[in-house]
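*Asks:* The following block contains the structure, expressed as structure tokens.
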Amino acid sequence: MRQLAAIAVFAVAAAVLPLFITSGVVLNTAIMILYTALLGLAWNILAGFGGQFSFGHAVFFGTGAYAAAVLQAKLGWNAWATLPAALLLGAAVGAFIGALSFRYGLRGSYFALVTLAFAEVFRILANNVTFTGAGVGIMVKLKSGAENFQFATKTGYLYVILVFVVAGLVLCWWLKNSRYGAWLQAVRDNEESAAALGVNVFRVKLGAIALSGALMAAGGVFYAQYFQYIDPGLAYGPGVSIEALLGPIVGGLGTLWGPVLGAVLLQLLGEGTRGLFANAPGVSLMLYGALLVLMVTFMPSGVLGVLRRRA
Amino acid sequence: MLELSILWPSILNGLTTGAVYALIALGLTLIYGVLHIINFAHGAALMMALYGVYYLQRSLGLDPYVSLAVMVPTMFAAGYLAYRYVIGVASHGRDENILLVTLGVAIVLENLALFLFKSDTRTIDTAYTFTTVPIGSAMIALPKIVAFFGAAATAGILLLIMRATDLGRAIRACAKERQGARLVGIDVEHVFAMSFGIGLACLGAAACFLLPAYYVNPMVGNGFVLIAFTIVVLGGMGSFAGALVGGLLIGVVESVGGLWLGESLGQIGIFLIFIAVLLFRPQGLFGARA
């Protein structure tokens, strides 16, 4: 219950932010933090709670982004109507990949590689099928108005992504406190023991990848609406997969707040280094990579893990 | 239907490209298969080696094939030190950590290259870049033929090291049973670092064979990483014969697939093979059943 209260406090604190800050730059940073947190929460469900490390979460992100863009641009759907469709598609792609890989007992690095390969297959397909606009990408038509999931100010986007993140946090809270979540964490800690105790390992993992896929697809829908343009590299490229896994690992794997904390730290770090080395291409990302190495070397349980040990 | 006259050069071209893939995969299979480490920095390390060959030719006038004598020891030393002082330290014995550290190293290397060399794509000119050799009805570029035999020779040397030397025996012992190897007095950390060094030394050789017929830019490694993973998985983790056959097979699939489906979509065949092998035969063509 204390965690639920913390989620509520977090939601209110983020919601009142636009009342005090009108700077577009700051609001944009807040939106990007929440967006990164959403991707991290999605990845954390499968990896942090389920112990299945995916290197190809872009496959779900891209599916959500393309579902939103294609259904609007080609079939004339309302933007909000594409959201449930995208969530379902994300879950379906997750279930499909999960059914294949878990049925054949893939885990560890094998599972990581198969997700990576699926993301690549989807990227190449999106690059070659005219339905998705191929390599040129696809634009989301400018149709202002909240009813079209397009807002005149950043505040609207902030509220939408905040709702997504809070939904993700509540979902993770449920995973921490429910019977299903206990099964999932048992499978993570020791698959054989869990199976011996009567947990249906296959079903439990399948559920986790579907949930994770749906939440990741929500991130894709938001991306498509916020930037109004996607192409195969943006949607299915390895960048998103890496973005999704960095936050939770920096913040704290398998924890409720780890992905959010990681997103805050990574985004602030990104902003800081971009500002310092604006004229030198690559330097900011270089420091980012170096920091990643240092984090894993000296704080392998994430910032949250270190804070807990100190407390 | 395709004319046989196009198919034959396409297959030959695929074999020569595949030989270089195999060489890259050899390094990866040693690191990934034997040490159970996912080295995400493999492509970035290859990219750095390519820049090494490029600048040796540009500033010292060294022929790429002469650069072998410089690049192989340099890459070996870089790999040994990287494992000893970065990757091994950071791993804390957990595979996910190794993934993240090698990922971090890859990001650092790629952006270091972007900073130092800018994003231009560079090539080198040698007297033999455009020399071709007729094989049957096909004309194949000379550097590709050199690469083919160079890859075979490198694989032979590696196999010899693994089979006939104490180091090779120690590497195999550590791969099979880390704890046991430590108990009989093998310095496991040293052996791991040696394997990592040898894996990168393969990249040094690959870069020397690759550059005369290829190009280099800061992102060039990315294309090779997943292909090399595919080959390692297809051939069987840690199997050198598997990496060679897998590399050639993937080279041909890419080349012939590109003929049918076009350059871009042709690559999809590689990933479909990858997924199919992972699902139905994760031990690979030459791997022992786990």
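Scheme for the structure tokens: letters A, B, ... for chains in order shown; per-chain residue numbers from 1; ligand numbers from 1 in order shown.
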For chain B versus chain A, which residues have an atom no more than 6 Å away, and what is each residue's nearest atom pair and distance in Å rounded to one decimal, using only C-alpha atoms, chain-then-number order, as JSON lines?
*Replies:*
{"residue": "B:Ala90", "atom": "CA", "partner": "A:Thr297", "partner_atom": "CA", "distance": 4.0}
{"residue": "B:Val101", "atom": "CA", "partner": "A:Val293", "partner_atom": "CA", "distance": 5.0}
{"residue": "B:Gly104", "atom": "CA", "partner": "A:Gly289", "partner_atom": "CA", "distance": 4.3}
{"residue": "B:Ile107", "atom": "CA", "partner": "A:Gly289", "partner_atom": "CA", "distance": 5.2}
{"residue": "B:Val108", "atom": "CA", "partner": "A:Met286", "partner_atom": "CA", "distance": 4.4}
{"residue": "B:Asn111", "atom": "CA", "partner": "A:Gly282", "partner_atom": "CA", "distance": 4.4}
{"residue": "B:Leu114", "atom": "CA", "partner": "A:Gly282", "partner_atom": "CA", "distance": 5.8}
{"residue": "B:Phe115", "atom": "CA", "partner": "A:Gly282", "partner_atom": "CA", "distance": 5.4}
{"residue": "B:Phe271", "atom": "CA", "partner": "A:Ala117", "partner_atom": "CA", "distance": 5.9}
{"residue": "B:Ile275", "atom": "CA", "partner": "A:Val114", "partner_atom": "CA", "distance": 5.9}
*Asks:* I'd like to know which residues of segment 91-213 of chain A are strand (DSSP E or B) (by DSSP, run on the backbone); could you write them as a PyMOL selection string?
*Replies:* chain A and resi 138-139+145+150
*Asks:* Report as an mmCIF file with N, CA and C atoms, in the first residue's frame all protein, DNA and RNA residues lying within 6 Å of Ala205 of chain B, evaluated on only C-alpha atoms, omitting residues in the same chain fewer than 3 positions from it.
*Replies:*
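And here's selection_6.cif as it stands now:
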data_model
loop_
_atom_site.group_PDB
_atom_site.id
_atom_site.type_symbol
_atom_site.label_atom_id
_atom_site.label_comp_id
_atom_site.auth_asym_id
_atom_site.auth_seq_id
_atom_site.Cartn_x
_atom_site.Cartn_y
_atom_site.Cartn_z
ATOM 1 N N LEU B 68 49.417 -6.847 -41.437
ATOM 2 C CA LEU B 68 49.098 -8.011 -40.601
ATOM 3 C C LEU B 68 50.079 -8.132 -39.447
ATOM 4 N N VAL B 72 47.782 -7.664 -35.978
ATOM 5 C CA VAL B 72 47.445 -8.856 -35.193
ATOM 6 C C VAL B 72 47.992 -8.754 -33.769
ATOM 7 N N CYS B 202 42.054 -12.063 -34.289
ATOM 8 C CA CYS B 202 41.361 -12.498 -35.511
ATOM 9 C C CYS B 202 40.793 -11.297 -36.252
ATOM 10 N N CYS B 208 42.796 -6.524 -42.079
ATOM 11 C CA CYS B 208 43.817 -6.439 -43.127
ATOM 12 C C CYS B 208 43.332 -7.067 -44.429
#
*Asks:* Using only C-alpha atoms, which residue out of A:Tyr159, A:Phe222, A:Trp183, A:Phe10 lies closest to Ala86 of chain A?
*Replies:*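 Smallest distance to Ala86 of chain A is found for A:Phe222.
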*Asks:* Just list as JSON, numbers by chain whatever in segment 147-190 of chain A DSSP marks as helix (DSSP H, G or I).
*Replies:* {"A": [147, 148, 154, 155, 156, 157, 158, 159, 160, 161, 162, 163, 164, 165, 166, 167, 168, 169, 170, 171, 172, 173, 174, 175, 176, 177, 179, 180, 181, 182, 183, 184, 185, 186, 187, 188, 189]}
*Asks:* Once you have the residues from the selection above, write them out as a CSV table (one decimal), in the first residue's frame, restricted to N, CA and C atoms.
*Replies:*
chain,number,residue,atom,x,y,z
A,147,GLU,N,-8.6,15.5,-29.2
A,147,GLU,CA,-9.3,14.3,-29.7
A,147,GLU,C,-8.5,13.6,-30.7
A,148,ASN,N,-7.5,14.2,-31.3
A,148,ASN,CA,-6.6,13.5,-32.3
A,148,ASN,C,-5.3,13.1,-31.7
A,154,LYS,N,3.2,21.4,-24.9
A,154,LYS,CA,3.9,20.2,-24.4
A,154,LYS,C,3.1,19.6,-23.2
A,155,THR,N,2.4,20.4,-22.5
A,155,THR,CA,1.6,19.9,-21.3
A,155,THR,C,0.8,18.7,-21.6
A,156,GLY,N,0.0,18.8,-22.8
A,156,GLY,CA,-0.8,17.7,-23.1
A,156,GLY,C,-0.1,16.4,-23.2
A,157,TYR,N,1.0,16.4,-24.0
A,157,TYR,CA,1.9,15.2,-24.1
A,157,TYR,C,2.4,14.7,-22.8
A,158,LEU,N,2.7,15.7,-21.9
A,158,LEU,CA,3.2,15.3,-20.6
A,158,LEU,C,2.2,14.5,-19.8
A,159,TYR,N,0.9,14.9,-19.9
A,159,TYR,CA,-0.1,14.2,-19.2
A,159,TYR,C,-0.4,12.8,-19.7
A,160,VAL,N,-0.3,12.7,-21.1
A,160,VAL,CA,-0.5,11.4,-21.7
A,160,VAL,C,0.6,10.4,-21.3
A,161,ILE,N,1.8,10.9,-21.4
A,161,ILE,CA,2.9,9.9,-21.1
A,161,ILE,C,2.9,9.7,-19.6
A,162,LEU,N,2.5,10.6,-18.8
A,162,LEU,CA,2.4,10.4,-17.3
A,162,LEU,C,1.4,9.3,-17.0
A,163,VAL,N,0.3,9.4,-17.7
A,163,VAL,CA,-0.8,8.3,-17.5
A,163,VAL,C,-0.2,6.9,-17.9
A,164,PHE,N,0.5,6.9,-19.0
A,164,PHE,CA,1.2,5.6,-19.4
A,164,PHE,C,2.1,5.1,-18.3
A,165,VAL,N,3.0,6.0,-17.8
A,165,VAL,CA,4.0,5.6,-16.8
A,165,VAL,C,3.3,5.1,-15.5
A,166,VAL,N,2.3,5.9,-15.1
A,166,VAL,CA,1.6,5.5,-13.9
A,166,VAL,C,0.9,4.1,-14.1
A,167,ALA,N,0.3,3.9,-15.3
A,167,ALA,CA,-0.3,2.6,-15.5
A,167,ALA,C,0.8,1.5,-15.5
A,168,GLY,N,2.0,1.8,-16.0
A,168,GLY,CA,3.1,0.8,-16.0
A,168,GLY,C,3.6,0.6,-14.5
A,169,LEU,N,3.6,1.7,-13.7
A,169,LEU,CA,4.0,1.5,-12.3
A,169,LEU,C,3.0,0.6,-11.6
A,170,VAL,N,1.7,0.9,-11.8
A,170,VAL,CA,0.7,0.1,-11.1
A,170,VAL,C,0.8,-1.3,-11.5
A,171,LEU,N,1.0,-1.6,-12.8
A,171,LEU,CA,1.2,-2.9,-13.3
A,171,LEU,C,2.4,-3.6,-12.6
A,172,CYS,N,3.5,-2.9,-12.4
A,172,CYS,CA,4.7,-3.5,-11.8
A,172,CYS,C,4.4,-3.7,-10.3
A,173,TRP,N,3.6,-2.8,-9.7
A,173,TRP,CA,3.3,-2.9,-8.3
A,173,TRP,C,2.5,-4.2,-8.1
A,174,TRP,N,1.5,-4.4,-9.1
A,174,TRP,CA,0.7,-5.6,-9.0
A,174,TRP,C,1.6,-6.9,-9.2
A,175,LEU,N,2.6,-6.8,-10.1
A,175,LEU,CA,3.5,-7.9,-10.2
A,175,LEU,C,4.3,-8.2,-8.9
A,176,LYS,N,4.6,-7.2,-8.2
A,176,LYS,CA,5.3,-7.4,-7.0
A,176,LYS,C,4.5,-8.0,-5.9
A,177,ASN,N,3.1,-7.8,-6.0
A,177,ASN,CA,2.3,-8.2,-4.9
A,177,ASN,C,1.2,-9.2,-5.2
A,179,ARG,N,-0.2,-13.0,-6.9
A,179,ARG,CA,0.2,-14.4,-7.0
A,179,ARG,C,1.0,-14.7,-8.3
A,180,TYR,N,0.4,-14.0,-9.4
A,180,TYR,CA,1.1,-14.2,-10.7
A,180,TYR,C,2.5,-13.7,-10.7
A,181,GLY,N,2.7,-12.5,-10.0
A,181,GLY,CA,4.0,-11.9,-9.9
A,181,GLY,C,5.0,-12.8,-9.1
A,182,ALA,N,4.4,-13.4,-8.1
A,182,ALA,CA,5.3,-14.3,-7.3
A,182,ALA,C,5.7,-15.5,-8.2
A,183,TRP,N,4.8,-16.0,-9.0
A,183,TRP,CA,5.2,-17.1,-9.9
A,183,TRP,C,6.3,-16.7,-10.8
A,184,LEU,N,6.1,-15.4,-11.4
A,184,LEU,CA,7.1,-14.9,-12.4
A,184,LEU,C,8.5,-14.8,-11.7
A,185,GLN,N,8.5,-14.3,-10.5
A,185,GLN,CA,9.8,-14.1,-9.8
A,185,GLN,C,10.4,-15.4,-9.4
A,186,ALA,N,9.5,-16.4,-9.1
A,186,ALA,CA,10.0,-17.7,-8.8
A,186,ALA,C,10.7,-18.3,-10.1
A,187,VAL,N,10.1,-18.1,-11.2
A,187,VAL,CA,10.7,-18.6,-12.5
A,187,VAL,C,12.0,-18.0,-12.7
A,188,ARG,N,12.1,-16.7,-12.4
A,188,ARG,CA,13.3,-15.9,-12.6
A,188,ARG,C,14.4,-16.5,-11.7
A,189,ASP,N,14.1,-16.8,-10.5
A,189,ASP,CA,15.1,-17.2,-9.5
A,189,ASP,C,15.6,-18.6,-9.7
*Asks:* How far is it from atom CA of Ile171 of chain B to atom CA of Ile37 of chain B, in Å with one decimal?
*Replies:* 13.6 Å
*Asks:* Between A:Gly247, A:Gly219, A:Gly98, A:Gly76, single out the one closest to Ser54 of chain A, counting only C-alpha atoms.
*Replies:*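 Between A:Gly247, A:Gly219, A:Gly98, A:Gly76, the residue approaching Ser54 of chain A most closely is A:Gly98.
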*Asks:* Please provide the set of residues having any atom within 10 Å of Leu71 of chain A, restricted to only C-alpha atoms, with same-chain residues fewer than 6 positions apart removed, written as a ChimeraX atom specification.
*Replies:* /A:77-79,81-82,85-86,140
*Asks:* Which neighbours of segment 133-137 of chain A fall inside 12 Å, counting only C-alpha atoms, when residues of the same chain fewer than 4 positions from it are skipped, and could you give them as a PyMOL selection string?
*Replies:* (chain A and resi 62+65-66+69-70+73-74+122-129+224+228-236) or (chain B and resi 264-265)
*Asks:* Near Gly221 of chain B, counting only C-alpha atoms, which residues have an atom at most 7 Å away, once you skip same-chain residues fewer than 3 positions from it, shown as a PyMOL selection string?
*Replies:* chain B and resi 43-44+46-47+224-225
*Asks:* Could you name the residues that touch segment 172-183 of chain B at 12 Å or less, counting only C-alpha atoms, but leaving out those on the same chain fewer than 6 positions away, as a list of chain:residue names?
*Replies:* B:Thr29, B:Leu30, B:Ile31, B:Tyr32, B:Gly33, B:Val34, B:Leu35, B:His36, B:Ile37, B:Gly93, B:Leu159, B:Ile161, B:Met162, B:Arg163, B:Ala164, B:Thr165, B:Asp166, B:Glu189, B:His190, B:Val191, B:Phe192, B:Ala193, B:Met194, B:Ser195, B:Met237, B:Gly238, B:Ser239, B:Ala290
*Asks:* Between atom CA of Gly275 of chain A and atom CA of Ala113 of chain B, measure the distance and give it in Å to one decimal.
*Replies:*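 Value for the atom CA of Gly275 of chain A-atom CA of Ala113 of chain B distance: 20.4 Å.
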